[in-house]
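Have a look at input_31.txt below; it lists compact mmCIF, N, CA and C atoms.
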# COMPACT_ATOMS: atom_id res chain seq x y z
N MET A 1 -64.96 150.72 87.20
CA MET A 1 -65.06 150.52 88.63
C MET A 1 -66.36 151.16 89.11
N GLY A 2 -67.04 150.51 90.03
CA GLY A 2 -68.35 150.97 90.51
C GLY A 2 -68.24 152.12 91.50
N LEU A 3 -69.38 152.50 91.99
CA LEU A 3 -69.46 153.59 92.95
C LEU A 3 -68.94 153.12 94.30
N ASP A 4 -68.08 153.91 94.88
CA ASP A 4 -67.53 153.59 96.19
C ASP A 4 -68.58 153.93 97.25
N ILE A 5 -68.90 153.00 98.13
CA ILE A 5 -69.95 153.18 99.12
C ILE A 5 -69.60 154.28 100.12
N ARG A 6 -68.32 154.61 100.25
CA ARG A 6 -67.92 155.63 101.22
C ARG A 6 -68.39 157.02 100.83
N ILE A 7 -68.54 157.27 99.54
CA ILE A 7 -68.96 158.61 99.10
C ILE A 7 -70.42 158.89 99.47
N PRO A 8 -71.40 158.05 99.08
CA PRO A 8 -72.78 158.37 99.50
C PRO A 8 -72.98 158.22 101.00
N LEU A 9 -72.29 157.29 101.63
CA LEU A 9 -72.40 157.15 103.08
C LEU A 9 -71.87 158.40 103.78
N GLY A 10 -70.75 158.91 103.30
CA GLY A 10 -70.20 160.14 103.86
C GLY A 10 -71.14 161.32 103.67
N LEU A 11 -71.78 161.40 102.50
CA LEU A 11 -72.73 162.49 102.25
C LEU A 11 -73.94 162.40 103.17
N ILE A 12 -74.42 161.19 103.42
CA ILE A 12 -75.57 161.02 104.32
C ILE A 12 -75.19 161.46 105.74
N PHE A 13 -74.02 161.03 106.20
CA PHE A 13 -73.60 161.42 107.55
C PHE A 13 -73.32 162.92 107.63
N LEU A 14 -72.79 163.51 106.56
CA LEU A 14 -72.57 164.95 106.54
C LEU A 14 -73.90 165.69 106.65
N LEU A 15 -74.89 165.27 105.91
CA LEU A 15 -76.18 165.94 105.92
C LEU A 15 -76.89 165.80 107.27
N ILE A 16 -77.00 164.57 107.76
CA ILE A 16 -77.72 164.36 109.02
C ILE A 16 -76.95 164.96 110.20
N GLY A 17 -75.63 164.81 110.19
CA GLY A 17 -74.82 165.40 111.25
C GLY A 17 -74.89 166.92 111.25
N GLY A 18 -74.91 167.51 110.06
CA GLY A 18 -75.04 168.96 109.97
C GLY A 18 -76.38 169.44 110.48
N LEU A 19 -77.45 168.73 110.11
CA LEU A 19 -78.78 169.12 110.59
C LEU A 19 -78.90 168.98 112.10
N MET A 20 -78.36 167.88 112.64
CA MET A 20 -78.41 167.69 114.10
C MET A 20 -77.59 168.74 114.82
N SER A 21 -76.45 169.09 114.27
CA SER A 21 -75.60 170.11 114.89
C SER A 21 -76.27 171.47 114.91
N VAL A 22 -76.89 171.83 113.80
CA VAL A 22 -77.59 173.12 113.74
C VAL A 22 -78.74 173.15 114.73
N TYR A 23 -79.52 172.06 114.78
CA TYR A 23 -80.63 171.99 115.73
C TYR A 23 -80.12 172.05 117.17
N GLY A 24 -79.05 171.32 117.47
CA GLY A 24 -78.49 171.36 118.82
C GLY A 24 -77.93 172.72 119.18
N PHE A 25 -77.37 173.40 118.19
CA PHE A 25 -76.83 174.74 118.45
C PHE A 25 -77.95 175.74 118.70
N LEU A 26 -79.04 175.63 117.92
CA LEU A 26 -80.15 176.57 118.08
C LEU A 26 -80.94 176.33 119.37
N THR A 27 -80.94 175.11 119.88
CA THR A 27 -81.71 174.80 121.09
C THR A 27 -80.81 174.61 122.32
N ARG A 28 -79.62 175.14 122.28
CA ARG A 28 -78.68 174.93 123.39
C ARG A 28 -79.12 175.60 124.69
N THR A 29 -79.98 176.60 124.61
CA THR A 29 -80.42 177.29 125.84
C THR A 29 -81.73 176.72 126.39
N SER A 30 -82.34 175.77 125.71
CA SER A 30 -83.61 175.18 126.17
C SER A 30 -83.32 174.03 127.13
N ALA A 31 -83.45 174.29 128.40
CA ALA A 31 -83.15 173.27 129.41
C ALA A 31 -84.19 172.16 129.42
N ALA A 32 -85.43 172.47 129.05
CA ALA A 32 -86.49 171.47 129.10
C ALA A 32 -86.27 170.36 128.07
N ILE A 33 -85.69 170.69 126.95
CA ILE A 33 -85.46 169.68 125.91
C ILE A 33 -84.43 168.65 126.37
N TYR A 34 -83.41 169.10 127.06
CA TYR A 34 -82.30 168.22 127.44
C TYR A 34 -82.40 167.73 128.88
N GLU A 35 -83.60 167.78 129.44
CA GLU A 35 -83.81 167.32 130.81
C GLU A 35 -83.63 165.80 130.93
N LYS A 36 -84.09 165.05 129.93
CA LYS A 36 -84.00 163.58 129.97
C LYS A 36 -82.57 163.09 129.81
N SER A 37 -81.72 163.89 129.21
CA SER A 37 -80.32 163.47 128.99
C SER A 37 -79.38 164.13 130.00
N MET A 38 -79.90 164.43 131.18
CA MET A 38 -79.13 165.03 132.28
C MET A 38 -78.48 166.36 131.89
N GLY A 39 -79.17 167.10 131.05
CA GLY A 39 -78.70 168.43 130.67
C GLY A 39 -77.63 168.43 129.60
N ILE A 40 -77.32 167.30 129.02
CA ILE A 40 -76.28 167.22 127.99
C ILE A 40 -76.94 167.43 126.62
N ASN A 41 -76.38 168.30 125.83
CA ASN A 41 -76.90 168.59 124.49
C ASN A 41 -76.40 167.50 123.54
N LEU A 42 -77.14 166.39 123.50
CA LEU A 42 -76.74 165.26 122.67
C LEU A 42 -76.88 165.55 121.18
N ASN A 43 -77.81 166.42 120.81
CA ASN A 43 -77.96 166.75 119.40
C ASN A 43 -76.70 167.42 118.86
N LEU A 44 -76.16 168.35 119.60
CA LEU A 44 -74.95 169.04 119.16
C LEU A 44 -73.75 168.11 119.20
N THR A 45 -73.62 167.35 120.26
CA THR A 45 -72.46 166.45 120.41
C THR A 45 -72.43 165.39 119.32
N TRP A 46 -73.52 164.64 119.19
CA TRP A 46 -73.54 163.56 118.19
C TRP A 46 -73.64 164.11 116.78
N GLY A 47 -74.25 165.26 116.61
CA GLY A 47 -74.28 165.88 115.30
C GLY A 47 -72.88 166.22 114.81
N LEU A 48 -72.06 166.78 115.69
CA LEU A 48 -70.68 167.10 115.31
C LEU A 48 -69.87 165.84 115.03
N LEU A 49 -70.07 164.81 115.86
CA LEU A 49 -69.35 163.55 115.62
C LEU A 49 -69.76 162.91 114.29
N MET A 50 -71.05 162.92 113.99
CA MET A 50 -71.52 162.38 112.72
C MET A 50 -70.99 163.20 111.54
N PHE A 51 -70.94 164.51 111.71
CA PHE A 51 -70.43 165.38 110.65
C PHE A 51 -68.96 165.09 110.37
N VAL A 52 -68.17 164.95 111.42
CA VAL A 52 -66.74 164.64 111.24
C VAL A 52 -66.56 163.26 110.61
N PHE A 53 -67.32 162.28 111.06
CA PHE A 53 -67.25 160.94 110.48
C PHE A 53 -67.63 160.97 109.00
N GLY A 54 -68.69 161.69 108.67
CA GLY A 54 -69.11 161.81 107.28
C GLY A 54 -68.06 162.49 106.42
N LEU A 55 -67.42 163.50 106.96
CA LEU A 55 -66.37 164.20 106.23
C LEU A 55 -65.18 163.29 105.96
N VAL A 56 -64.79 162.51 106.95
CA VAL A 56 -63.68 161.57 106.78
C VAL A 56 -64.03 160.51 105.74
N MET A 57 -65.23 159.95 105.83
CA MET A 57 -65.66 158.94 104.86
C MET A 57 -65.69 159.50 103.44
N PHE A 58 -66.23 160.70 103.29
CA PHE A 58 -66.32 161.31 101.97
C PHE A 58 -64.93 161.59 101.39
N LEU A 59 -64.05 162.15 102.21
CA LEU A 59 -62.70 162.47 101.72
C LEU A 59 -61.90 161.22 101.39
N VAL A 60 -62.02 160.18 102.21
CA VAL A 60 -61.31 158.93 101.93
C VAL A 60 -61.87 158.28 100.66
N GLY A 61 -63.17 158.34 100.48
CA GLY A 61 -63.78 157.79 99.27
C GLY A 61 -63.35 158.53 98.02
N ARG A 62 -63.23 159.84 98.11
CA ARG A 62 -62.79 160.63 96.96
C ARG A 62 -61.31 160.41 96.68
N ARG A 63 -60.51 160.26 97.72
CA ARG A 63 -59.07 160.06 97.54
C ARG A 63 -58.79 158.68 96.95
N GLN A 64 -59.49 157.69 97.41
CA GLN A 64 -59.26 156.32 96.97
C GLN A 64 -59.70 156.10 95.53
N LYS A 65 -60.57 156.95 95.03
CA LYS A 65 -61.16 156.75 93.71
C LYS A 65 -60.11 156.75 92.59
N TRP A 66 -59.10 157.59 92.68
CA TRP A 66 -58.13 157.68 91.58
C TRP A 66 -56.88 156.85 91.83
N GLN A 67 -56.77 156.21 92.96
CA GLN A 67 -55.59 155.38 93.22
C GLN A 67 -55.76 154.02 92.58
N ASP A 68 -54.67 153.45 92.13
CA ASP A 68 -54.63 152.11 91.54
C ASP A 68 -55.56 151.98 90.34
N ASP A 69 -55.62 153.00 89.52
CA ASP A 69 -56.45 152.97 88.33
C ASP A 69 -55.54 152.76 87.12
N PRO A 70 -55.62 151.60 86.44
CA PRO A 70 -54.71 151.33 85.33
C PRO A 70 -55.02 152.17 84.09
N VAL A 71 -56.25 152.64 83.95
CA VAL A 71 -56.61 153.43 82.78
C VAL A 71 -56.10 154.87 82.91
N ASN A 72 -56.29 155.45 84.07
CA ASN A 72 -55.82 156.82 84.33
C ASN A 72 -54.82 156.79 85.48
N PRO A 73 -53.55 156.52 85.19
CA PRO A 73 -52.58 156.41 86.29
C PRO A 73 -52.28 157.78 86.91
N ARG A 74 -51.68 157.72 88.08
CA ARG A 74 -51.27 158.94 88.75
C ARG A 74 -50.19 159.62 87.92
N PRO A 75 -50.03 160.94 88.08
CA PRO A 75 -49.07 161.66 87.23
C PRO A 75 -47.65 161.12 87.29
N TRP A 76 -47.21 160.65 88.44
CA TRP A 76 -45.83 160.16 88.56
C TRP A 76 -45.67 158.74 88.04
N GLU A 77 -46.78 158.08 87.72
CA GLU A 77 -46.71 156.71 87.18
C GLU A 77 -46.85 156.67 85.65
N GLN A 78 -47.09 157.79 85.01
CA GLN A 78 -47.34 157.79 83.59
C GLN A 78 -46.11 157.42 82.77
N GLY A 79 -44.94 157.68 83.28
CA GLY A 79 -43.71 157.35 82.56
C GLY A 79 -43.38 155.87 82.61
N ASN A 80 -43.96 155.10 83.52
CA ASN A 80 -43.63 153.68 83.70
C ASN A 80 -44.57 152.75 82.94
N ARG A 81 -45.43 153.26 82.08
CA ARG A 81 -46.39 152.42 81.36
C ARG A 81 -45.70 151.72 80.20
N PRO A 82 -45.97 150.44 80.00
CA PRO A 82 -45.35 149.72 78.87
C PRO A 82 -45.95 150.18 77.55
N ASN A 83 -45.11 150.18 76.52
CA ASN A 83 -45.57 150.57 75.19
C ASN A 83 -46.14 149.37 74.47
N HIS A 84 -47.31 149.51 73.90
CA HIS A 84 -47.92 148.42 73.15
C HIS A 84 -47.91 148.74 71.69
Any chance you could put this one into structure tokens?
Amino acid sequence: MGLDIRIPLGLIFLLIGGLMSVYGFLTRTSAAIYEKSMGINLNLTWGLLMFVFGLVMFLVGRRQKWQDDPVNPRPWEQGNRPNH
């Protein structure tokens, strides 16, 4: 089975969201930066949302990887394999 796209996509969103969140957290007191966005710290807000989305994508990709695998079945399915 090939690489699940959710794993690298989740890692990209985790990385970029984390960087945006850190930048937004460090510049939260700079009013001049957030003047164009009506004083809303969009870096922190969207950085956190991207981080959470990336975490969900990564965890779902990792969880789905071992499900429905006929070569390496789940522990509770090992007893139901036919004998050849």
request  = Extract, using only C-alpha atoms, all DNA, RNA and protein residues at most 10 Å from Ser21 (chain A), discarding same-chain residues fewer than 2 positions from it, and format them as a PyMOL selection string.
outcome  = chain A and resi 15-19+23-27+41-51
request  = Between atom N of Leu55 (chain A) and atom C of Leu14 (chain A), measure the distance and give it in Å to one decimal.
outcome  =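 Straight-line distance from atom N of Leu55 (chain A) to atom C of Leu14 (chain A) works out to 6.8 Å.
Here CA of Gly54 (chain A) and CA of Arg28 (chain A) stand 22.9 Å from one another.
Rounded to one decimal, CA of Asp4 (chain A) and CA of Val56 (chain A) lie 13.8 Å from each other.
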